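As provided, work_8.pdb (PDB, C-alpha atoms) reads as follows.
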```pdb
ATOM      1  CA  MET A   4      10.522  20.929   1.256
ATOM      2  CA  ILE A   5      10.516  17.695   3.246
ATOM      3  CA  LEU A   6      12.205  15.392   0.731
ATOM      4  CA  SER A   7      15.810  15.974  -0.263
ATOM      5  CA  PRO A   8      16.475  17.435  -3.753
ATOM      6  CA  TYR A   9      17.358  13.933  -5.022
ATOM      7  CA  TYR A  10      13.644  13.072  -5.171
ATOM      8  CA  ASN A  11      12.578  16.143  -7.162
ATOM      9  CA  GLY A  12       9.486  16.361  -4.955
ATOM     10  CA  LEU A  13       8.214  12.987  -6.209
ATOM     11  CA  LEU A  14       6.651  10.604  -3.718
ATOM     12  CA  ALA A  15       7.047   7.843  -6.308
ATOM     13  CA  LYS A  16      10.792   8.194  -6.270
ATOM     14  CA  ALA A  17      10.887   8.114  -2.474
ATOM     15  CA  ALA A  18       8.566   5.129  -2.081
ATOM     16  CA  PRO A  19      11.104   2.297  -2.676
ATOM     17  CA  TRP A  20      13.516   3.721  -0.096
ATOM     18  CA  ALA A  21      12.085   1.739   2.839
ATOM     19  CA  ASP A  22      12.973  -1.496   1.049
ATOM     20  CA  THR A  23      16.424  -0.392  -0.032
ATOM     21  CA  ILE A  24      17.629   0.366   3.515
ATOM     22  CA  LYS A  25      16.521  -2.901   5.133
ATOM     23  CA  GLY A  26      20.089  -4.184   5.351
ATOM     24  CA  GLN A  27      21.446  -1.094   7.070
ATOM     25  CA  ALA A  28      22.103  -1.424  10.797
ATOM     26  CA  LYS A  29      20.651   2.042  11.400
ATOM     27  CA  TYR A  30      17.260   0.933  10.098
ATOM     28  CA  ARG A  31      17.192  -2.702  11.166
ATOM     29  CA  TRP A  32      14.429  -1.865  13.645
ATOM     30  CA  ALA A  33      12.066  -1.041  10.777
ATOM     31  CA  SER A  34      12.007  -4.459   9.073
ATOM     32  CA  VAL A  35       9.136  -5.774  11.233
ATOM     33  CA  TYR A  36       6.923  -2.821  10.329
ATOM     34  CA  HIS A  37       6.360  -3.987   6.754
ATOM     35  CA  PHE A  38       3.837  -6.694   7.669
ATOM     36  CA  VAL A  39       1.266  -8.012  10.147
ATOM     37  CA  ASN A  40       1.376 -11.560  11.491
ATOM     38  CA  THR A  41      -1.585 -12.577  13.674
ATOM     39  CA  PRO A  42      -1.342 -15.956  15.457
ATOM     40  CA  GLY A  43      -3.929 -18.385  14.087
ATOM     41  CA  ASP A  44      -4.035 -16.732  10.682
ATOM     42  CA  ASN A  45      -3.931 -19.505   8.066
ATOM     43  CA  PRO A  46      -5.464 -18.546   4.710
ATOM     44  CA  PRO A  47      -7.429 -19.727   2.862
ATOM     45  CA  ASP A  48      -8.880 -21.896   5.649
ATOM     46  CA  ALA A  49      -8.869 -19.261   8.381
ATOM     47  CA  CYS A  50      -8.114 -15.579   7.981
ATOM     48  CA  LYS A  51      -7.572 -13.837  11.288
ATOM     49  CA  PHE A  52      -6.418 -10.329  12.116
ATOM     50  CA  GLU A  53      -6.199  -8.631  15.500
ATOM     51  CA  TYR A  54      -4.749  -5.270  16.458
ATOM     52  CA  VAL A  55      -1.838  -5.521  18.911
ATOM     53  CA  TYR A  56      -1.396  -2.502  21.173
ATOM     54  CA  ALA A  57       2.043  -0.973  20.481
ATOM     55  CA  GLY A  58       2.896  -4.027  18.396
ATOM     56  CA  LYS A  59       5.869  -4.009  16.087
ATOM     57  CA  ASP A  60       3.897  -4.397  12.890
ATOM     58  CA  LEU A  61       2.623  -2.597   9.809
ATOM     59  CA  VAL A  62      -0.506  -1.134  11.401
ATOM     60  CA  ASN A  63       1.456   0.502  14.204
ATOM     61  CA  GLY A  64       4.094   1.558  11.679
ATOM     62  CA  VAL A  65       1.495   3.551   9.718
ATOM     63  CA  LEU A  66       0.179   5.125  12.928
ATOM     64  CA  ASN A  67       3.675   5.951  14.143
ATOM     65  CA  MET A  68       4.872   7.593  10.928
ATOM     66  CA  THR A  69       1.661   9.606  10.581
ATOM     67  CA  SER A  70       2.083  10.806  14.153
ATOM     68  CA  GLN A  71       5.649  11.885  13.407
ATOM     69  CA  LEU A  72       4.551  13.836  10.333
ATOM     70  CA  LEU A  73       1.944  15.611  12.457
ATOM     71  CA  HIS A  74       4.524  16.379  15.127
ATOM     72  CA  TYR A  75       6.913  17.962  12.650
ATOM     73  CA  LYS A  76       4.052  19.929  11.104
ATOM     74  CA  LEU A  77       3.304  21.461  14.507
ATOM     75  CA  VAL A  78       6.931  21.802  15.585
ATOM     76  CA  GLU A  79       9.115  22.742  12.636
ATOM     77  CA  PRO A  80      12.423  20.827  12.720
ATOM     78  CA  THR A  81      15.462  23.044  13.196
ATOM     79  CA  THR A  82      18.436  20.675  13.361
ATOM     80  CA  PRO A  83      19.761  18.447  10.553
ATOM     81  CA  GLU A  84      18.873  15.413  12.680
ATOM     82  CA  GLU A  85      15.261  16.514  13.078
ATOM     83  CA  LYS A  86      14.937  17.281   9.375
ATOM     84  CA  ALA A  87      16.335  13.842   8.550
ATOM     85  CA  SER A  88      13.832  12.224  10.930
ATOM     86  CA  ARG A  89      10.968  14.069   9.239
ATOM     87  CA  GLU A  90      12.125  12.943   5.805
ATOM     88  CA  ASP A  91      12.424   9.352   7.033
ATOM     89  CA  ALA A  92       8.901   9.540   8.460
ATOM     90  CA  LEU A  93       7.474  10.634   5.109
ATOM     91  CA  ARG A  94       9.391   7.976   3.181
ATOM     92  CA  PHE A  95       8.278   5.254   5.586
ATOM     93  CA  PHE A  96       4.703   6.547   5.527
ATOM     94  CA  VAL A  97       4.476   6.426   1.734
ATOM     95  CA  HIS A  98       5.922   2.930   1.625
ATOM     96  CA  PHE A  99       3.825   1.545   4.482
ATOM     97  CA  MET A 100       0.649   2.943   2.911
ATOM     98  CA  GLY A 101       1.409   0.831  -0.131
ATOM     99  CA  ASP A 102       2.267  -2.230   1.920
ATOM    100  CA  ILE A 103      -0.998  -2.088   3.851
ATOM    101  CA  HIS A 104      -2.983  -2.223   0.597
ATOM    102  CA  GLN A 105      -1.203  -5.373  -0.581
ATOM    103  CA  PRO A 106      -3.105  -8.310   0.991
ATOM    104  CA  LEU A 107      -0.035 -10.467   1.563
ATOM    105  CA  HIS A 108       1.399  -7.872   3.941
ATOM    106  CA  ALA A 109      -1.615  -8.567   6.194
ATOM    107  CA  SER A 110      -0.869 -12.272   6.620
ATOM    108  CA  GLY A 111       2.249 -13.971   7.924
ATOM    109  CA  LYS A 112       1.674 -17.338   6.257
ATOM    110  CA  LEU A 113       4.888 -18.490   4.568
ATOM    111  CA  ARG A 114       6.403 -15.051   5.207
ATOM    112  CA  GLY A 115       3.552 -13.267   3.490
ATOM    113  CA  GLY A 116       3.753 -15.556   0.481
ATOM    114  CA  ASN A 117       7.474 -14.964  -0.085
ATOM    115  CA  ASP A 118       8.046 -18.669   0.579
ATOM    116  CA  ALA A 119       4.968 -19.743  -1.387
ATOM    117  CA  SER A 120       6.436 -21.000  -4.644
ATOM    118  CA  ALA A 121       4.317 -20.524  -7.752
ATOM    119  CA  LYS A 122       4.577 -20.672 -11.520
ATOM    120  CA  TRP A 123       4.394 -17.538 -13.632
ATOM    121  CA  GLY A 124       4.386 -18.629 -17.239
ATOM    122  CA  ARG A 125       7.447 -20.810 -17.715
ATOM    123  CA  ALA A 126       9.319 -19.306 -14.761
ATOM    124  CA  ARG A 127       9.206 -19.935 -11.027
ATOM    125  CA  SER A 128       8.082 -17.091  -8.821
ATOM    126  CA  SER A 129       6.398 -16.617  -5.446
ATOM    127  CA  LEU A 130       2.900 -15.584  -4.504
ATOM    128  CA  HIS A 131       4.278 -12.410  -2.929
ATOM    129  CA  ARG A 132       6.287 -11.428  -5.983
ATOM    130  CA  ILE A 133       3.272 -12.070  -8.195
ATOM    131  CA  TRP A 134       1.115  -9.713  -6.132
ATOM    132  CA  ASP A 135       3.884  -7.155  -5.693
ATOM    133  CA  GLY A 136       4.379  -6.538  -9.370
ATOM    134  CA  GLN A 137       3.928  -9.323 -11.901
ATOM    135  CA  LEU A 138       0.126  -9.049 -12.005
ATOM    136  CA  ILE A 139       0.411  -5.320 -12.681
ATOM    137  CA  LEU A 140       3.143  -5.566 -15.288
ATOM    138  CA  LYS A 141       1.193  -8.169 -17.256
ATOM    139  CA  ASP A 142      -2.005  -6.129 -16.981
ATOM    140  CA  VAL A 143      -0.211  -3.027 -18.276
ATOM    141  CA  LYS A 144       1.254  -5.059 -21.148
ATOM    142  CA  ASP A 145      -1.901  -6.948 -22.118
ATOM    143  CA  ARG A 146      -4.595  -4.291 -21.743
ATOM    144  CA  TYR A 147      -2.650  -1.065 -22.163
ATOM    145  CA  ASP A 148       0.002  -1.913 -24.759
ATOM    146  CA  ASN A 149       2.751  -1.566 -22.132
ATOM    147  CA  ASN A 150       1.767   2.039 -21.434
ATOM    148  CA  PRO A 151       1.860   2.771 -17.665
ATOM    149  CA  LYS A 152       0.293   6.209 -18.133
ATOM    150  CA  ALA A 153      -2.725   4.669 -19.854
ATOM    151  CA  TYR A 154      -3.036   2.226 -16.950
ATOM    152  CA  LEU A 155      -3.082   5.063 -14.426
ATOM    153  CA  ASP A 156      -5.404   7.231 -16.530
ATOM    154  CA  ASP A 157      -7.885   4.357 -16.728
ATOM    155  CA  MET A 158      -7.587   3.888 -12.973
ATOM    156  CA  ILE A 159      -8.669   7.490 -12.447
ATOM    157  CA  ASP A 160     -11.547   7.028 -14.860
ATOM    158  CA  MET A 161     -12.726   3.932 -12.992
ATOM    159  CA  THR A 162     -12.507   5.844  -9.698
ATOM    160  CA  HIS A 163     -15.015   8.274 -11.208
ATOM    161  CA  ASN A 164     -17.268   5.601 -12.680
ATOM    162  CA  VAL A 165     -16.764   1.866 -12.146
ATOM    163  CA  TRP A 166     -15.982   1.994  -8.415
ATOM    164  CA  LEU A 167     -18.720   4.437  -7.432
ATOM    165  CA  PRO A 168     -20.308   4.794  -4.932
ATOM    166  CA  GLU A 169     -17.706   2.712  -3.056
ATOM    167  CA  ALA A 170     -14.880   5.111  -3.945
ATOM    168  CA  ASN A 171     -16.639   7.942  -2.113
ATOM    169  CA  ASN A 172     -16.243   5.984   1.123
ATOM    170  CA  TRP A 173     -12.569   5.029   0.808
ATOM    171  CA  THR A 174     -11.502   7.819   3.149
ATOM    172  CA  LEU A 175     -14.163   7.129   5.777
ATOM    173  CA  CYS A 176     -13.304   5.171   8.935
ATOM    174  CA  ASP A 177     -15.714   2.921  10.808
ATOM    175  CA  PRO A 178     -15.220   3.441  14.572
ATOM    176  CA  ALA A 179     -16.367  -0.132  15.202
ATOM    177  CA  GLU A 180     -13.519  -1.462  13.069
ATOM    178  CA  ASN A 181     -10.765   0.592  14.665
ATOM    179  CA  PRO A 182      -9.335   0.429  18.195
ATOM    180  CA  SER A 183     -10.039   3.364  20.482
ATOM    181  CA  ASP A 184      -6.962   2.555  22.548
ATOM    182  CA  THR A 185      -3.591   2.903  20.791
ATOM    183  CA  PRO A 186      -0.301   4.510  21.830
ATOM    184  CA  TRP A 187      -1.453   7.528  19.804
ATOM    185  CA  SER A 188      -4.970   7.831  21.278
ATOM    186  CA  GLY A 189      -4.098  11.210  22.778
ATOM    187  CA  THR A 190      -3.001  12.566  19.395
ATOM    188  CA  GLU A 191      -5.483  14.095  16.984
ATOM    189  CA  LEU A 192      -4.650  11.913  14.007
ATOM    190  CA  PRO A 193      -6.162  12.490  10.533
ATOM    191  CA  THR A 194      -9.783  11.368  10.298
ATOM    192  CA  ALA A 195      -8.997   9.370   7.146
ATOM    193  CA  LEU A 196      -6.400   7.253   8.965
ATOM    194  CA  CYS A 197      -7.673   3.764   9.866
ATOM    195  CA  PRO A 198      -4.940   1.176   9.197
ATOM    196  CA  THR A 199      -6.525  -1.430  11.478
ATOM    197  CA  GLU A 200      -9.651  -1.444   9.343
ATOM    198  CA  TRP A 201      -7.628  -1.553   6.128
ATOM    199  CA  ALA A 202      -5.457  -4.440   7.335
ATOM    200  CA  ARG A 203      -8.532  -6.432   8.367
ATOM    201  CA  VAL A 204     -10.048  -6.022   4.898
ATOM    202  CA  MET A 205      -6.784  -7.018   3.213
ATOM    203  CA  ASN A 206      -6.506 -10.057   5.483
ATOM    204  CA  LYS A 207      -9.981 -11.215   4.416
ATOM    205  CA  MET A 208      -8.881 -10.946   0.795
ATOM    206  CA  ASP A 209      -6.145 -13.455   1.534
ATOM    207  CA  CYS A 210      -8.892 -16.036   2.014
ATOM    208  CA  THR A 211     -11.278 -14.947  -0.732
ATOM    209  CA  PHE A 212      -8.749 -14.253  -3.482
ATOM    210  CA  VAL A 213      -5.012 -14.415  -2.824
ATOM    211  CA  TRP A 214      -4.544 -17.864  -1.268
ATOM    212  CA  LYS A 215      -7.697 -19.453  -2.667
ATOM    213  CA  ASP A 216      -6.912 -22.830  -4.312
ATOM    214  CA  TYR A 217      -3.193 -22.249  -3.850
ATOM    215  CA  ASP A 218      -1.093 -24.691  -5.835
ATOM    216  CA  PRO A 219       2.671 -24.256  -6.340
ATOM    217  CA  ASN A 220       2.386 -25.870  -9.770
ATOM    218  CA  ARG A 221      -0.463 -23.680 -10.970
ATOM    219  CA  ASP A 222       0.341 -21.104 -13.634
ATOM    220  CA  TYR A 223      -0.761 -17.866 -11.996
ATOM    221  CA  SER A 224      -0.401 -15.892 -15.222
ATOM    222  CA  THR A 225      -3.570 -17.423 -16.742
ATOM    223  CA  ASP A 226      -7.000 -17.825 -15.116
ATOM    224  CA  TYR A 227      -5.864 -16.553 -11.701
ATOM    225  CA  PHE A 228      -4.510 -13.418 -13.364
ATOM    226  CA  GLU A 229      -7.835 -12.836 -15.098
ATOM    227  CA  THR A 230      -9.755 -13.329 -11.842
ATOM    228  CA  VAL A 231      -7.904 -10.646  -9.865
ATOM    229  CA  THR A 232      -7.242  -8.114 -12.629
ATOM    230  CA  GLY A 233     -10.341  -8.391 -14.809
ATOM    231  CA  GLU A 234     -13.902  -7.121 -14.842
ATOM    232  CA  GLU A 235     -15.248 -10.191 -13.006
ATOM    233  CA  ASN A 236     -14.036  -8.832  -9.665
ATOM    234  CA  GLY A 237     -14.103  -5.130 -10.403
ATOM    235  CA  TYR A 238     -10.463  -4.895 -11.569
ATOM    236  CA  LEU A 239      -9.367  -5.764  -8.046
ATOM    237  CA  VAL A 240      -5.634  -5.107  -8.347
ATOM    238  CA  GLN A 241      -6.134  -1.674  -9.885
ATOM    239  CA  ARG A 242      -8.792  -0.890  -7.290
ATOM    240  CA  LEU A 243      -6.396  -1.612  -4.421
ATOM    241  CA  ILE A 244      -3.791   0.699  -5.934
ATOM    242  CA  ALA A 245      -6.352   3.464  -6.382
ATOM    243  CA  MET A 246      -7.654   2.934  -2.855
ATOM    244  CA  GLY A 247      -4.171   3.311  -1.398
ATOM    245  CA  GLY A 248      -3.517   6.446  -3.428
ATOM    246  CA  VAL A 249      -6.790   8.108  -2.437
ATOM    247  CA  ARG A 250      -6.254   7.381   1.241
ATOM    248  CA  MET A 251      -2.645   8.524   1.180
ATOM    249  CA  ALA A 252      -3.592  11.798  -0.473
ATOM    250  CA  ALA A 253      -6.442  12.375   1.984
ATOM    251  CA  ILE A 254      -4.142  11.921   4.981
ATOM    252  CA  LEU A 255      -1.420  14.177   3.582
ATOM    253  CA  ASN A 256      -4.059  16.769   2.724
ATOM    254  CA  GLU A 257      -5.344  16.689   6.319
ATOM    255  CA  ILE A 258      -1.840  17.188   7.680
ATOM    256  CA  TYR A 259      -0.478  19.797   5.299
ATOM    257  CA  ASP A 260      -3.519  21.577   3.863
ATOM    258  CA  PRO A 261      -6.543  20.944   6.092
ATOM    259  CA  SER A 262      -8.292  24.130   4.974
ATOM    260  CA  THR A 263      -9.011  22.777   1.500
ATOM    261  CA  PRO A 264     -10.684  19.347   1.705
ATOM    262  CA  LEU A 265     -10.830  17.596  -1.653
ATOM    263  CA  SER A 266     -13.060  14.881  -3.026
ATOM    264  CA  PRO A 267     -11.591  11.364  -3.357
ATOM    265  CA  HIS A 268     -11.375  11.872  -7.114
ATOM    266  CA  GLU A 269      -9.423  15.118  -6.760
ATOM    267  CA  GLN A 270      -7.195  13.619  -4.091
ATOM    268  CA  TYR A 271      -6.308  10.692  -6.273
ATOM    269  CA  SER A 272      -5.699  12.926  -9.285
ATOM    270  CA  ILE A 273      -3.126  14.862  -7.258
ATOM    271  CA  GLU A 274      -1.289  11.670  -6.386
ATOM    272  CA  HIS A 275      -1.410  10.560 -10.023
ATOM    273  CA  LEU A 276       0.407  13.724 -11.050
ATOM    274  CA  ARG A 277       3.123  12.877  -8.516
ATOM    275  CA  THR A 278       3.754   9.300  -9.663
ATOM    276  CA  GLN A 279       4.118   8.987 -13.452
ATOM    277  CA  GLY A 280       4.935   5.308 -13.556
ATOM    278  CA  THR A 281       3.623   1.797 -13.020
ATOM    279  CA  PRO A 282       2.901   1.336  -9.314
ATOM    280  CA  ARG A 283       3.668  -1.788  -7.329
ATOM    281  CA  LEU A 284       0.753  -3.108  -5.341
ATOM    282  CA  SER A 285       2.933  -3.339  -2.234
ATOM    283  CA  ASN A 286       3.491   0.375  -2.618
ATOM    284  CA  SER A 287       0.917   2.185  -4.672
ATOM    285  CA  MET A 288       3.223   5.182  -5.040
ATOM    286  CA  ARG A 289       6.178   3.145  -6.257
ATOM    287  CA  LEU A 290       7.584   2.838  -9.766
ATOM    288  CA  VAL A 291       8.000  -0.752 -10.875
ATOM    289  CA  LYS A 292      11.310  -1.584 -12.452
ATOM    290  CA  GLN A 293      10.745  -2.910 -15.927
ATOM    291  CA  GLY A 294      12.370  -6.261 -16.604
TER     292      GLY A 294
END
```
Starting from the file, give its structure as structure tokens.
Amino acid sequence: MILSPYYNGLLAKAAPWADTIKGQAKYRWASVYHFVNTPGDNPPDACKFEYVYAGKDLVNGVLNMTSQLLHYKLVEPTTPEEKASREDALRFFVHFMGDIHQPLHASGKLRGGNDASAKWGRARSSLHRIWDGQLILKDVKDRYDNNPKAYLDDMIDMTHNVWLPEANNWTLCDPAENPSDTPWSGTELPTALCPTEWARVMNKMDCTFVWKDYDPNRDYSTDYFETVTGEENGYLVQRLIAMGGVRMAAILNEIYDPSTPLSPHEQYSIEHLRTQGTPRLSNSMRLVKQG
């Protein structure tokens, strides 16, 4: 068992941890690994992403934590310190996999939208907060009668139907889109791991969807909400959550049970059984706090 008994074996319960420890001196180093900030990136006018070798950013954070999980799979930890490091690696991995499928973590503009004021109904919010949870909570309330399980069940159904054949390719990496030279090039990383490619796709979405027609006085709970959660764009928000879950499951399967490869649908179903709650887009394995 990698996670401590507190988590009851649930990745969902462990996912928020990387945010909760940001203020601790011991983990201050990790704060820069939650996002990517490429110079010249300015959505919606110009979306730009470049991989930085050994950079202190989200892409290298995903690579680093995956590498640590592989290391501890090959060399079983024996000391309390090593076991704690392995648990930290898994908790960071789960969280970073969610972050990298939230488009605003792939752009540094206005601190990833945290400083981009926006209206949400009658209240003030920020573009980042809207994408982190408010879009999902409203979608669950409006379309699923406030039933998170129904939201997740429908997500699985769409992975089987609406998002095919695209969903079959979610765990495939394009060599042309991923750097051959990284600090982990000598390590045999999972074949489904391609955070550079994922971050580039999320960055493009910042121009096409997230920052498009940004207006701090616009009510983002109306037409914008419909655009990114509805049928018009293939239920985009739900699709990003499903994509993150499928990829996370595929990577963990490669590390811990490589002898039994599963289809994307089966992989995602496994993760669904381990979540049981409304996920945040910034962490597709995280439970959203209601209210």
To verify the selection step, state as an mmCIF file with C-alpha atoms, in the coordinates of the input which residues the PyMOL selection byres ((chain A and resi 245) around 8) yields on this input.
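Everything below was put into result_6.cif:
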```cif
data_model
loop_
_atom_site.group_PDB
_atom_site.id
_atom_site.type_symbol
_atom_site.label_atom_id
_atom_site.label_comp_id
_atom_site.auth_asym_id
_atom_site.auth_seq_id
_atom_site.Cartn_x
_atom_site.Cartn_y
_atom_site.Cartn_z
ATOM 1 C CA MET A 158 -7.587 3.888 -12.973
ATOM 2 C CA ILE A 159 -8.669 7.490 -12.447
ATOM 3 C CA THR A 162 -12.507 5.844 -9.698
ATOM 4 C CA GLN A 241 -6.134 -1.674 -9.885
ATOM 5 C CA ARG A 242 -8.792 -0.890 -7.290
ATOM 6 C CA LEU A 243 -6.396 -1.612 -4.421
ATOM 7 C CA ILE A 244 -3.791 0.699 -5.934
ATOM 8 C CA MET A 246 -7.654 2.934 -2.855
ATOM 9 C CA GLY A 247 -4.171 3.311 -1.398
ATOM 10 C CA GLY A 248 -3.517 6.446 -3.428
ATOM 11 C CA VAL A 249 -6.790 8.108 -2.437
ATOM 12 C CA TYR A 271 -6.308 10.692 -6.273
ATOM 13 C CA SER A 287 0.917 2.185 -4.672
#
```
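Residue nearest A:His131, chosen from A:Arg146, A:Trp173, A:Val213, A:Lys86 and counting only C-alpha atoms: A:Val213.
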message: I'd like the neighbourhood of A:Asn236 as a PyMOL selection string, where a residue qualifies if any of its atoms comes within 12 Å (using only C-alpha atoms), though same-chain residues fewer than 3 positions away should be ignored.
response: chain A and resi 165-166+208+211-212+227-233+239-243
- request: Name the residues that the PyMOL selection byres ((chain A and resi 202) around 12) pulls out of this structure, and write them as a count of residues only.
  value: 43
query: Taking all atoms listed in the file into account, which of A:Pro80, A:Pro261, A:Pro186, A:Gly124 comes nearest A:Ile5?
result: A:Pro80
query: Hey, what comes out of the PyMOL selection byres ((chain A and resi 77) around 12) on this file? Could you write it as a VMD selection string?
result: chain A and resid 70 to 76 78 to 80 89 190 to 191 258 to 259
Selected residue of minimal separation from A:Leu255 among A:Trp20, A:Phe96, A:Trp187, A:Tyr223, counting only C-alpha atoms: A:Phe96
statement: The distance between atom CA of A:Leu175 and atom CA of A:Met251 is 12.5 Å
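By chain and then residue number, the residues within 8 Å of A:Met68 are Ala92, Leu93, Phe95 and Phe96 of chain A, counting only C-alpha atoms and disregarding those fewer than 6 positions away in sequence.
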- prompt: A:Asp156, A:Glu234, A:Asp184, A:Asp48: which is nearest A:Tyr217, counting only C-alpha atoms?
  reply: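 Result for the nearest residue to A:Tyr217: A:Asp48.
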